[in-house]
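S.K.: run.txt (compact mmCIF, N, CA and C atoms) pasted underneath:
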```
# COMPACT_ATOMS: atom_id res chain seq x y z
N MET A 1 7.66 5.97 -6.80
CA MET A 1 8.34 6.57 -5.68
C MET A 1 7.99 8.06 -5.55
N GLU A 2 7.99 8.78 -6.68
CA GLU A 2 7.67 10.20 -6.67
C GLU A 2 6.22 10.43 -6.25
N LYS A 3 5.31 9.56 -6.71
CA LYS A 3 3.90 9.69 -6.33
C LYS A 3 3.73 9.48 -4.83
N ASP A 4 4.49 8.54 -4.25
CA ASP A 4 4.42 8.31 -2.81
C ASP A 4 4.86 9.54 -2.04
N THR A 5 5.93 10.18 -2.50
CA THR A 5 6.42 11.39 -1.85
C THR A 5 5.38 12.50 -1.94
N LEU A 6 4.78 12.69 -3.12
CA LEU A 6 3.73 13.70 -3.29
C LEU A 6 2.55 13.40 -2.38
N ARG A 7 2.16 12.14 -2.31
CA ARG A 7 1.03 11.74 -1.48
C ARG A 7 1.33 12.01 0.00
N GLU A 8 2.55 11.70 0.44
CA GLU A 8 2.95 11.96 1.83
C GLU A 8 2.93 13.45 2.12
N GLU A 9 3.48 14.26 1.20
CA GLU A 9 3.49 15.71 1.38
C GLU A 9 2.06 16.25 1.44
N THR A 10 1.20 15.73 0.57
CA THR A 10 -0.19 16.16 0.56
C THR A 10 -0.86 15.81 1.88
N ASN A 11 -0.64 14.60 2.39
CA ASN A 11 -1.23 14.19 3.66
C ASN A 11 -0.71 15.03 4.81
N GLU A 12 0.60 15.33 4.82
CA GLU A 12 1.17 16.19 5.86
C GLU A 12 0.56 17.58 5.79
N TYR A 13 0.37 18.10 4.59
CA TYR A 13 -0.21 19.43 4.44
C TYR A 13 -1.67 19.44 4.89
N LYS A 14 -2.39 18.39 4.60
CA LYS A 14 -3.79 18.31 5.04
C LYS A 14 -3.86 18.30 6.57
N LYS A 15 -2.95 17.59 7.22
CA LYS A 15 -2.90 17.58 8.68
C LYS A 15 -2.59 18.98 9.20
N TYR A 16 -1.65 19.66 8.56
CA TYR A 16 -1.29 21.03 8.92
C TYR A 16 -2.51 21.95 8.81
N LEU A 17 -3.26 21.84 7.71
CA LEU A 17 -4.45 22.66 7.51
C LEU A 17 -5.51 22.37 8.56
N LEU A 18 -5.69 21.10 8.90
CA LEU A 18 -6.66 20.75 9.94
C LEU A 18 -6.27 21.35 11.28
N ASP A 19 -4.98 21.35 11.59
CA ASP A 19 -4.50 21.94 12.83
C ASP A 19 -4.78 23.44 12.87
N ILE A 20 -4.47 24.13 11.78
CA ILE A 20 -4.74 25.57 11.69
C ILE A 20 -6.24 25.81 11.81
N LYS A 21 -7.01 25.00 11.11
CA LYS A 21 -8.47 25.15 11.13
C LYS A 21 -9.01 25.05 12.55
N GLU A 22 -8.53 24.09 13.32
CA GLU A 22 -8.99 23.92 14.70
C GLU A 22 -8.60 25.11 15.56
N LYS A 23 -7.37 25.61 15.39
CA LYS A 23 -6.92 26.76 16.17
C LYS A 23 -7.74 28.00 15.84
N LEU A 24 -8.03 28.20 14.56
CA LEU A 24 -8.81 29.37 14.17
C LEU A 24 -10.25 29.26 14.63
N LYS A 25 -10.81 28.05 14.64
CA LYS A 25 -12.17 27.86 15.12
C LYS A 25 -12.29 28.21 16.60
N GLU A 26 -11.24 27.90 17.37
CA GLU A 26 -11.24 28.25 18.79
C GLU A 26 -11.39 29.75 18.97
N ILE A 27 -10.75 30.51 18.12
CA ILE A 27 -10.81 31.97 18.20
C ILE A 27 -12.25 32.45 18.03
N ASN A 28 -13.01 31.81 17.15
CA ASN A 28 -14.36 32.26 16.83
C ASN A 28 -15.46 31.54 17.60
N SER A 29 -15.11 30.63 18.50
CA SER A 29 -16.12 29.77 19.10
C SER A 29 -17.21 30.53 19.84
N GLU A 30 -16.88 31.70 20.45
CA GLU A 30 -17.88 32.42 21.21
C GLU A 30 -18.75 33.34 20.38
N ASN A 31 -18.35 33.69 19.20
CA ASN A 31 -19.01 34.79 18.51
C ASN A 31 -19.45 34.40 17.10
N ASN A 32 -20.75 34.24 16.89
CA ASN A 32 -21.27 33.90 15.57
C ASN A 32 -21.43 35.12 14.67
N SER A 33 -21.24 36.33 15.21
CA SER A 33 -21.37 37.52 14.37
C SER A 33 -20.19 37.63 13.41
N ASN A 34 -19.23 36.74 13.54
CA ASN A 34 -18.08 36.75 12.65
C ASN A 34 -18.33 35.97 11.35
N LYS A 35 -19.55 35.53 11.15
CA LYS A 35 -19.85 34.81 9.91
C LYS A 35 -19.62 35.72 8.71
N ILE A 36 -19.09 35.15 7.67
CA ILE A 36 -18.81 35.92 6.45
C ILE A 36 -20.12 36.33 5.80
N ALA A 37 -20.18 37.61 5.41
CA ALA A 37 -21.37 38.16 4.76
C ALA A 37 -20.94 38.97 3.54
N ILE A 38 -21.91 39.34 2.74
CA ILE A 38 -21.63 40.18 1.57
C ILE A 38 -21.00 41.49 2.03
N GLY A 39 -19.94 41.88 1.36
CA GLY A 39 -19.22 43.10 1.69
C GLY A 39 -17.96 42.85 2.50
N ASP A 40 -17.82 41.66 3.08
CA ASP A 40 -16.65 41.35 3.89
C ASP A 40 -15.43 41.10 2.99
N ILE A 41 -14.26 41.39 3.55
CA ILE A 41 -13.00 41.11 2.86
C ILE A 41 -12.43 39.84 3.49
N VAL A 42 -12.20 38.84 2.66
CA VAL A 42 -11.80 37.51 3.11
C VAL A 42 -10.39 37.21 2.61
N SER A 43 -9.56 36.68 3.51
CA SER A 43 -8.21 36.25 3.15
C SER A 43 -8.05 34.78 3.50
N GLY A 44 -7.28 34.08 2.69
CA GLY A 44 -7.04 32.68 2.99
C GLY A 44 -6.12 32.03 1.98
N GLU A 45 -6.06 30.72 2.07
CA GLU A 45 -5.18 29.95 1.21
C GLU A 45 -6.02 29.07 0.28
N LEU A 46 -5.75 29.18 -1.01
CA LEU A 46 -6.46 28.40 -2.02
C LEU A 46 -5.55 27.29 -2.50
N LEU A 47 -6.00 26.06 -2.33
CA LEU A 47 -5.26 24.88 -2.79
C LEU A 47 -5.93 24.33 -4.04
N THR A 48 -5.12 23.94 -5.00
CA THR A 48 -5.62 23.29 -6.21
C THR A 48 -5.10 21.87 -6.22
N PHE A 49 -5.99 20.91 -6.44
CA PHE A 49 -5.63 19.50 -6.41
C PHE A 49 -5.64 18.92 -7.82
N SER A 50 -4.72 18.00 -8.06
CA SER A 50 -4.64 17.31 -9.34
C SER A 50 -5.86 16.42 -9.51
N TYR A 51 -6.45 16.42 -10.69
CA TYR A 51 -7.59 15.55 -10.95
C TYR A 51 -7.13 14.11 -11.19
N ILE A 52 -5.82 13.91 -11.35
CA ILE A 52 -5.30 12.56 -11.62
C ILE A 52 -5.09 11.77 -10.33
N ASP A 53 -4.35 12.38 -9.37
CA ASP A 53 -4.03 11.62 -8.16
C ASP A 53 -4.35 12.36 -6.86
N ASP A 54 -5.08 13.46 -6.95
CA ASP A 54 -5.52 14.20 -5.77
C ASP A 54 -4.38 14.86 -5.00
N SER A 55 -3.21 15.02 -5.60
CA SER A 55 -2.11 15.71 -4.92
C SER A 55 -2.27 17.22 -5.12
N ILE A 56 -1.68 17.99 -4.23
CA ILE A 56 -1.75 19.45 -4.32
C ILE A 56 -0.82 19.90 -5.45
N ILE A 57 -1.39 20.67 -6.39
CA ILE A 57 -0.55 21.16 -7.49
C ILE A 57 -0.24 22.65 -7.35
N SER A 58 -1.01 23.36 -6.52
CA SER A 58 -0.65 24.76 -6.26
C SER A 58 -1.28 25.22 -4.96
N ARG A 59 -0.60 26.19 -4.34
CA ARG A 59 -1.08 26.86 -3.13
C ARG A 59 -0.91 28.35 -3.35
N GLU A 60 -1.94 29.10 -2.99
CA GLU A 60 -1.89 30.53 -3.24
C GLU A 60 -2.66 31.26 -2.15
N ASN A 61 -2.05 32.28 -1.58
CA ASN A 61 -2.76 33.14 -0.63
C ASN A 61 -3.53 34.18 -1.45
N ILE A 62 -4.83 34.27 -1.17
CA ILE A 62 -5.66 35.22 -1.91
C ILE A 62 -6.47 36.06 -0.93
N ARG A 63 -6.90 37.21 -1.41
CA ARG A 63 -7.75 38.12 -0.64
C ARG A 63 -8.80 38.67 -1.59
N PHE A 64 -10.04 38.71 -1.13
CA PHE A 64 -11.11 39.20 -1.99
C PHE A 64 -12.23 39.80 -1.16
N LYS A 65 -13.05 40.58 -1.84
CA LYS A 65 -14.26 41.14 -1.23
C LYS A 65 -15.44 40.34 -1.78
N LEU A 66 -16.29 39.86 -0.89
CA LEU A 66 -17.48 39.11 -1.30
C LEU A 66 -18.57 40.10 -1.67
N VAL A 67 -19.05 40.02 -2.90
CA VAL A 67 -20.03 40.99 -3.40
C VAL A 67 -21.25 40.28 -3.97
N ASN A 68 -22.36 41.02 -4.02
CA ASN A 68 -23.58 40.51 -4.62
C ASN A 68 -23.42 40.43 -6.13
N GLU A 69 -22.93 41.50 -6.70
CA GLU A 69 -22.56 41.51 -8.11
C GLU A 69 -21.39 42.45 -8.29
N SER A 70 -20.55 42.14 -9.24
CA SER A 70 -19.31 42.89 -9.40
C SER A 70 -19.56 44.23 -10.08
N ILE A 71 -19.04 45.29 -9.46
CA ILE A 71 -19.11 46.63 -10.04
C ILE A 71 -17.74 47.30 -9.95
N ASN A 72 -16.71 46.49 -10.06
CA ASN A 72 -15.34 46.94 -9.79
C ASN A 72 -14.85 48.03 -10.75
N TYR A 73 -15.02 47.89 -12.02
CA TYR A 73 -14.54 48.83 -13.03
C TYR A 73 -13.05 49.15 -12.87
N ASN A 74 -12.28 48.20 -12.32
CA ASN A 74 -10.84 48.34 -12.12
C ASN A 74 -10.45 49.53 -11.24
N MET A 75 -11.37 50.07 -10.47
CA MET A 75 -11.04 51.20 -9.59
C MET A 75 -10.71 50.70 -8.18
N ASN A 76 -11.19 49.54 -7.82
CA ASN A 76 -10.95 48.99 -6.50
C ASN A 76 -9.76 48.04 -6.59
N PRO A 77 -8.74 48.23 -5.73
CA PRO A 77 -7.54 47.38 -5.82
C PRO A 77 -7.76 45.94 -5.35
N ILE A 78 -8.90 45.65 -4.75
CA ILE A 78 -9.14 44.31 -4.25
C ILE A 78 -10.04 43.53 -5.21
N THR A 79 -9.71 42.27 -5.39
CA THR A 79 -10.50 41.39 -6.25
C THR A 79 -11.88 41.21 -5.65
N GLU A 80 -12.90 41.17 -6.49
CA GLU A 80 -14.26 40.94 -6.03
C GLU A 80 -14.69 39.54 -6.46
N VAL A 81 -15.31 38.82 -5.53
CA VAL A 81 -15.84 37.48 -5.81
C VAL A 81 -17.35 37.55 -5.59
N GLN A 82 -18.09 37.16 -6.61
CA GLN A 82 -19.55 37.22 -6.52
C GLN A 82 -20.10 36.07 -5.67
N ILE A 83 -21.18 36.37 -4.98
CA ILE A 83 -21.82 35.42 -4.08
C ILE A 83 -22.30 34.17 -4.82
N ASN A 84 -22.63 34.30 -6.10
CA ASN A 84 -23.13 33.15 -6.85
C ASN A 84 -22.02 32.33 -7.52
N SER A 85 -20.75 32.69 -7.29
CA SER A 85 -19.64 31.90 -7.83
C SER A 85 -19.39 30.71 -6.90
N PRO A 86 -18.68 29.68 -7.36
CA PRO A 86 -18.40 28.54 -6.48
C PRO A 86 -17.68 28.94 -5.19
N LEU A 87 -16.71 29.84 -5.27
CA LEU A 87 -16.00 30.29 -4.07
C LEU A 87 -16.92 31.13 -3.18
N GLY A 88 -17.70 32.01 -3.78
CA GLY A 88 -18.63 32.84 -3.02
C GLY A 88 -19.65 32.00 -2.26
N ARG A 89 -20.23 31.01 -2.95
CA ARG A 89 -21.20 30.12 -2.28
C ARG A 89 -20.53 29.32 -1.17
N GLY A 90 -19.24 29.01 -1.36
CA GLY A 90 -18.52 28.21 -0.38
C GLY A 90 -18.19 28.94 0.91
N VAL A 91 -17.96 30.26 0.83
CA VAL A 91 -17.51 30.99 2.02
C VAL A 91 -18.63 31.70 2.78
N ILE A 92 -19.77 31.94 2.14
CA ILE A 92 -20.84 32.69 2.81
C ILE A 92 -21.26 31.97 4.10
N ASP A 93 -21.42 32.72 5.16
CA ASP A 93 -21.83 32.22 6.48
C ASP A 93 -20.79 31.35 7.17
N LYS A 94 -19.57 31.31 6.64
CA LYS A 94 -18.49 30.53 7.29
C LYS A 94 -17.75 31.43 8.26
N LEU A 95 -16.89 30.82 9.07
CA LEU A 95 -16.09 31.52 10.06
C LEU A 95 -14.61 31.36 9.75
N ILE A 96 -13.78 32.18 10.38
CA ILE A 96 -12.34 31.99 10.26
C ILE A 96 -12.02 30.58 10.74
N GLY A 97 -11.20 29.89 9.99
CA GLY A 97 -10.83 28.51 10.32
C GLY A 97 -11.62 27.49 9.52
N ASP A 98 -12.78 27.89 9.00
CA ASP A 98 -13.56 26.99 8.16
C ASP A 98 -12.89 26.87 6.79
N SER A 99 -13.30 25.87 6.06
CA SER A 99 -12.82 25.72 4.69
C SER A 99 -13.99 25.33 3.82
N CYS A 100 -13.82 25.51 2.54
CA CYS A 100 -14.83 25.07 1.58
C CYS A 100 -14.10 24.40 0.42
N GLN A 101 -14.80 23.50 -0.21
CA GLN A 101 -14.21 22.77 -1.33
C GLN A 101 -15.21 22.80 -2.48
N TYR A 102 -14.70 22.97 -3.67
CA TYR A 102 -15.55 22.99 -4.86
C TYR A 102 -14.74 22.49 -6.05
N SER A 103 -15.44 22.10 -7.09
CA SER A 103 -14.78 21.60 -8.31
C SER A 103 -15.26 22.40 -9.51
N ILE A 104 -14.33 22.63 -10.41
CA ILE A 104 -14.64 23.28 -11.68
C ILE A 104 -13.94 22.48 -12.77
N ASN A 105 -14.71 21.99 -13.71
CA ASN A 105 -14.18 21.20 -14.83
C ASN A 105 -13.28 20.06 -14.35
N GLY A 106 -13.67 19.39 -13.28
CA GLY A 106 -12.93 18.24 -12.79
C GLY A 106 -11.74 18.57 -11.90
N VAL A 107 -11.43 19.85 -11.74
CA VAL A 107 -10.32 20.26 -10.87
C VAL A 107 -10.92 20.68 -9.53
N THR A 108 -10.36 20.14 -8.44
CA THR A 108 -10.86 20.41 -7.10
C THR A 108 -10.04 21.52 -6.45
N PHE A 109 -10.76 22.43 -5.80
CA PHE A 109 -10.14 23.54 -5.08
C PHE A 109 -10.60 23.48 -3.63
N MET A 110 -9.71 23.87 -2.71
CA MET A 110 -10.09 24.00 -1.32
C MET A 110 -9.59 25.34 -0.83
N PHE A 111 -10.46 26.07 -0.15
CA PHE A 111 -10.11 27.39 0.37
C PHE A 111 -10.21 27.36 1.88
N LEU A 112 -9.11 27.71 2.56
CA LEU A 112 -9.07 27.79 4.02
C LEU A 112 -9.14 29.27 4.41
N ILE A 113 -10.17 29.61 5.18
CA ILE A 113 -10.39 31.00 5.58
C ILE A 113 -9.47 31.33 6.76
N LYS A 114 -8.61 32.33 6.56
CA LYS A 114 -7.65 32.70 7.60
C LYS A 114 -7.98 34.04 8.25
N ASN A 115 -8.66 34.93 7.55
CA ASN A 115 -8.97 36.24 8.12
C ASN A 115 -10.19 36.83 7.43
N VAL A 116 -10.96 37.59 8.21
CA VAL A 116 -12.14 38.27 7.67
C VAL A 116 -12.17 39.68 8.24
N VAL A 117 -12.33 40.65 7.38
CA VAL A 117 -12.53 42.03 7.81
C VAL A 117 -13.98 42.36 7.50
N LYS A 118 -14.73 42.62 8.56
CA LYS A 118 -16.15 42.91 8.40
C LYS A 118 -16.32 44.32 7.84
N THR A 119 -17.29 44.51 6.98
CA THR A 119 -17.58 45.82 6.41
C THR A 119 -17.89 46.81 7.52
N SER A 120 -18.61 46.37 8.54
CA SER A 120 -18.97 47.27 9.64
C SER A 120 -17.72 47.77 10.37
N GLU A 121 -16.70 46.92 10.50
CA GLU A 121 -15.44 47.34 11.14
C GLU A 121 -14.74 48.42 10.33
N LEU A 122 -14.78 48.27 9.02
CA LEU A 122 -14.16 49.28 8.16
C LEU A 122 -14.89 50.61 8.29
N GLU A 123 -16.22 50.56 8.28
CA GLU A 123 -17.01 51.79 8.39
C GLU A 123 -16.74 52.48 9.72
N GLU A 124 -16.63 51.71 10.81
CA GLU A 124 -16.35 52.28 12.12
C GLU A 124 -14.98 52.95 12.15
N SER A 125 -13.98 52.33 11.53
CA SER A 125 -12.63 52.91 11.54
C SER A 125 -12.60 54.23 10.75
N PHE A 126 -13.41 54.34 9.70
CA PHE A 126 -13.46 55.60 8.93
C PHE A 126 -14.17 56.70 9.71
N THR A 127 -15.21 56.33 10.46
CA THR A 127 -15.95 57.36 11.19
C THR A 127 -15.18 57.84 12.40
N ARG A 128 -14.27 57.01 12.94
CA ARG A 128 -13.45 57.41 14.08
C ARG A 128 -12.36 58.41 13.69
N SER A 129 -11.89 58.31 12.44
CA SER A 129 -10.75 59.17 12.06
C SER A 129 -11.17 60.57 11.73
```
Starting from the coordinates I provided, produce the structure as structure tokens.

M.R.:
Amino acid sequence: MEKDTLREETNEYKKYLLDIKEKLKEINSENNSNKIAIGDIVSGELLTFSYIDDSIISRENIRFKLVNESINYNMNPITEVQINSPLGRGVIDKLIGDSCQYSINGVTFMFLIKNVVKTSELEESFTRS
């Protein structure tokens, strides 16, 4: 009975994510320059799925900067994700509303991209001030 409830909740959440994904894709449909690139700051929701029954075991909103290689030295308040990591490979060239899925040690993760701040936008805002 409990597994059925978890499965139903997981299916409802997947439908919810698909709906959000479609709405966000509409926003980006005209402009391919919004593809995620190195240096961009990406926000979204990371889902972790059970390797036993594929139910969602955790949901977390995360934000990170996509980098070629990490040089953070704990001075930058934002987490850095390297391009060669599973998450980095999954988000490169994607758009808001896209998702990527990857597995590590049998555990499946899905990341839904909700927002992207382009490095060029940040540079422009600094030069304007």

S.K.: Looking at all atoms listed in the file, which of A:Phe49, A:Ile56, A:Thr119, A:Val42 is the one that sits closest to A:Asn11?

M.R.: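 Closest candidate: A:Ile56.
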
S.K.: Work out how far atom CA of A:Glu12 is from atom CA of A:Ser50, in Å to one decimal.

M.R.: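 Going from atom CA of A:Ser50 over to atom CA of A:Glu12 covers 16.3 Å.
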
S.K.: Would you list the contacts of A:Tyr51 as a count of residues only, taking every protein, DNA or RNA residue within 8 Å and counting only C-alpha atoms, but skipping same-chain residues closer than 6 positions in sequence?

M.R.: 3

S.K.: To one decimal place in Å, what is the distance between atom CA of A:Glu60 and atom CA of A:Thr48?

M.R.: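 So the answer is 8.7 Å.
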
S.K.: For A:Val117, which of A:Ile41, A:Val81, A:Leu95, A:Ile62 is the closest residue, counting only N, CA and C atoms?

M.R.: A:Ile41

S.K.: Could you tell me how far atom N of A:Asn105 sits from atom N of A:Gly44, in Å to one decimal place?

M.R.: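 Straight-line distance from atom N of A:Gly44 to atom N of A:Asn105 works out to 21.7 Å.
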
S.K.: Find, counting all atoms listed in the file, the residue in A:Arg59, A:Thr79, A:Lys65, A:Asp54 that gets nearest to A:Gly39.

M.R.: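 Closest residue, counting all atoms listed in the file: A:Lys65.
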
S.K.: Residues within 7 Å of (-10.0, 27.1, 11.8), file coordinates, counting all atoms listed in the file: what are they? Give the list as a list of chain:residue names.

M.R.: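 Every residue inside that radius is included here: A:Leu18, A:Asp19, A:Ile20, A:Lys21, A:Glu22, A:Lys23, A:Leu24, A:Lys25, A:Glu26, A:Leu95, A:Ile96, A:Gly97, A:Asp98, A:Ser99, A:Ile113.
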
S.K.: Show me, as a PDB file with N, CA and C atoms, in the coordinates of the input, the residues that have an atom within 7 Å of A:Asp93 when counting all atoms listed in the file, minus same-chain residues fewer than 2 positions from it.

M.R.:
```
ATOM      1  N   ASN A  34     -19.230  36.740  13.540  1.00  0.00           N
ATOM      2  CA  ASN A  34     -18.080  36.750  12.650  1.00  0.00           C
ATOM      3  C   ASN A  34     -18.330  35.970  11.350  1.00  0.00           C
ATOM      4  N   LYS A  35     -19.550  35.530  11.150  1.00  0.00           N
ATOM      5  CA  LYS A  35     -19.850  34.810   9.910  1.00  0.00           C
ATOM      6  C   LYS A  35     -19.620  35.720   8.710  1.00  0.00           C
ATOM      7  N   ILE A  36     -19.090  35.150   7.670  1.00  0.00           N
ATOM      8  CA  ILE A  36     -18.810  35.920   6.450  1.00  0.00           C
ATOM      9  C   ILE A  36     -20.120  36.330   5.800  1.00  0.00           C
ATOM     10  N   ALA A  37     -20.180  37.610   5.410  1.00  0.00           N
ATOM     11  CA  ALA A  37     -21.370  38.160   4.760  1.00  0.00           C
ATOM     12  C   ALA A  37     -20.940  38.970   3.540  1.00  0.00           C
ATOM     13  N   GLY A  90     -19.240  29.010  -1.360  1.00  0.00           N
ATOM     14  CA  GLY A  90     -18.520  28.210  -0.380  1.00  0.00           C
ATOM     15  C   GLY A  90     -18.190  28.940   0.910  1.00  0.00           C
ATOM     16  N   VAL A  91     -17.960  30.260   0.830  1.00  0.00           N
ATOM     17  CA  VAL A  91     -17.510  30.990   2.020  1.00  0.00           C
ATOM     18  C   VAL A  91     -18.630  31.700   2.780  1.00  0.00           C
ATOM     19  N   LEU A  95     -16.890  30.820   9.070  1.00  0.00           N
ATOM     20  CA  LEU A  95     -16.090  31.520  10.060  1.00  0.00           C
ATOM     21  C   LEU A  95     -14.610  31.360   9.750  1.00  0.00           C
TER      22      LEU A  95
END
```

S.K.: Please return, as a PyMOL selection string, all residues of stretch 41-121 of chain A that DSSP assigns to strand (DSSP E or B) on the basis of the backbone.

M.R.: chain A and resi 41-49+56-67+79-82+99-104+107-117

S.K.: Of the candidates A:Ser55, A:Val67, A:Gly88, A:Phe109, which shows the shortest atom-to-atom distance to A:Leu6, using all atoms listed in the file?

M.R.: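 Closest candidate: A:Ser55.
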
S.K.: Taking the DSSP assignment computed from this structure's backbone, write out as a short mmCIF file (atom, residue, chain, number, x, y, z; two decimals) with N, CA and C atoms, keeping the file's coordinate frame all residues of stretch 41-91 of chain A that belong to helix (DSSP H, G or I).

M.R.:
```
data_model
loop_
_atom_site.label_atom_id
_atom_site.label_comp_id
_atom_site.auth_asym_id
_atom_site.auth_seq_id
_atom_site.Cartn_x
_atom_site.Cartn_y
_atom_site.Cartn_z
N PRO A 86 -18.68 29.68 -7.36
CA PRO A 86 -18.40 28.54 -6.48
C PRO A 86 -17.68 28.94 -5.19
N LEU A 87 -16.71 29.84 -5.27
CA LEU A 87 -16.00 30.29 -4.07
C LEU A 87 -16.92 31.13 -3.18
N GLY A 88 -17.70 32.01 -3.78
CA GLY A 88 -18.63 32.84 -3.02
C GLY A 88 -19.65 32.00 -2.26
N ARG A 89 -20.23 31.01 -2.95
CA ARG A 89 -21.20 30.12 -2.28
C ARG A 89 -20.53 29.32 -1.17
N GLY A 90 -19.24 29.01 -1.36
CA GLY A 90 -18.52 28.21 -0.38
C GLY A 90 -18.19 28.94 0.91
N VAL A 91 -17.96 30.26 0.83
CA VAL A 91 -17.51 30.99 2.02
C VAL A 91 -18.63 31.70 2.78
#
```
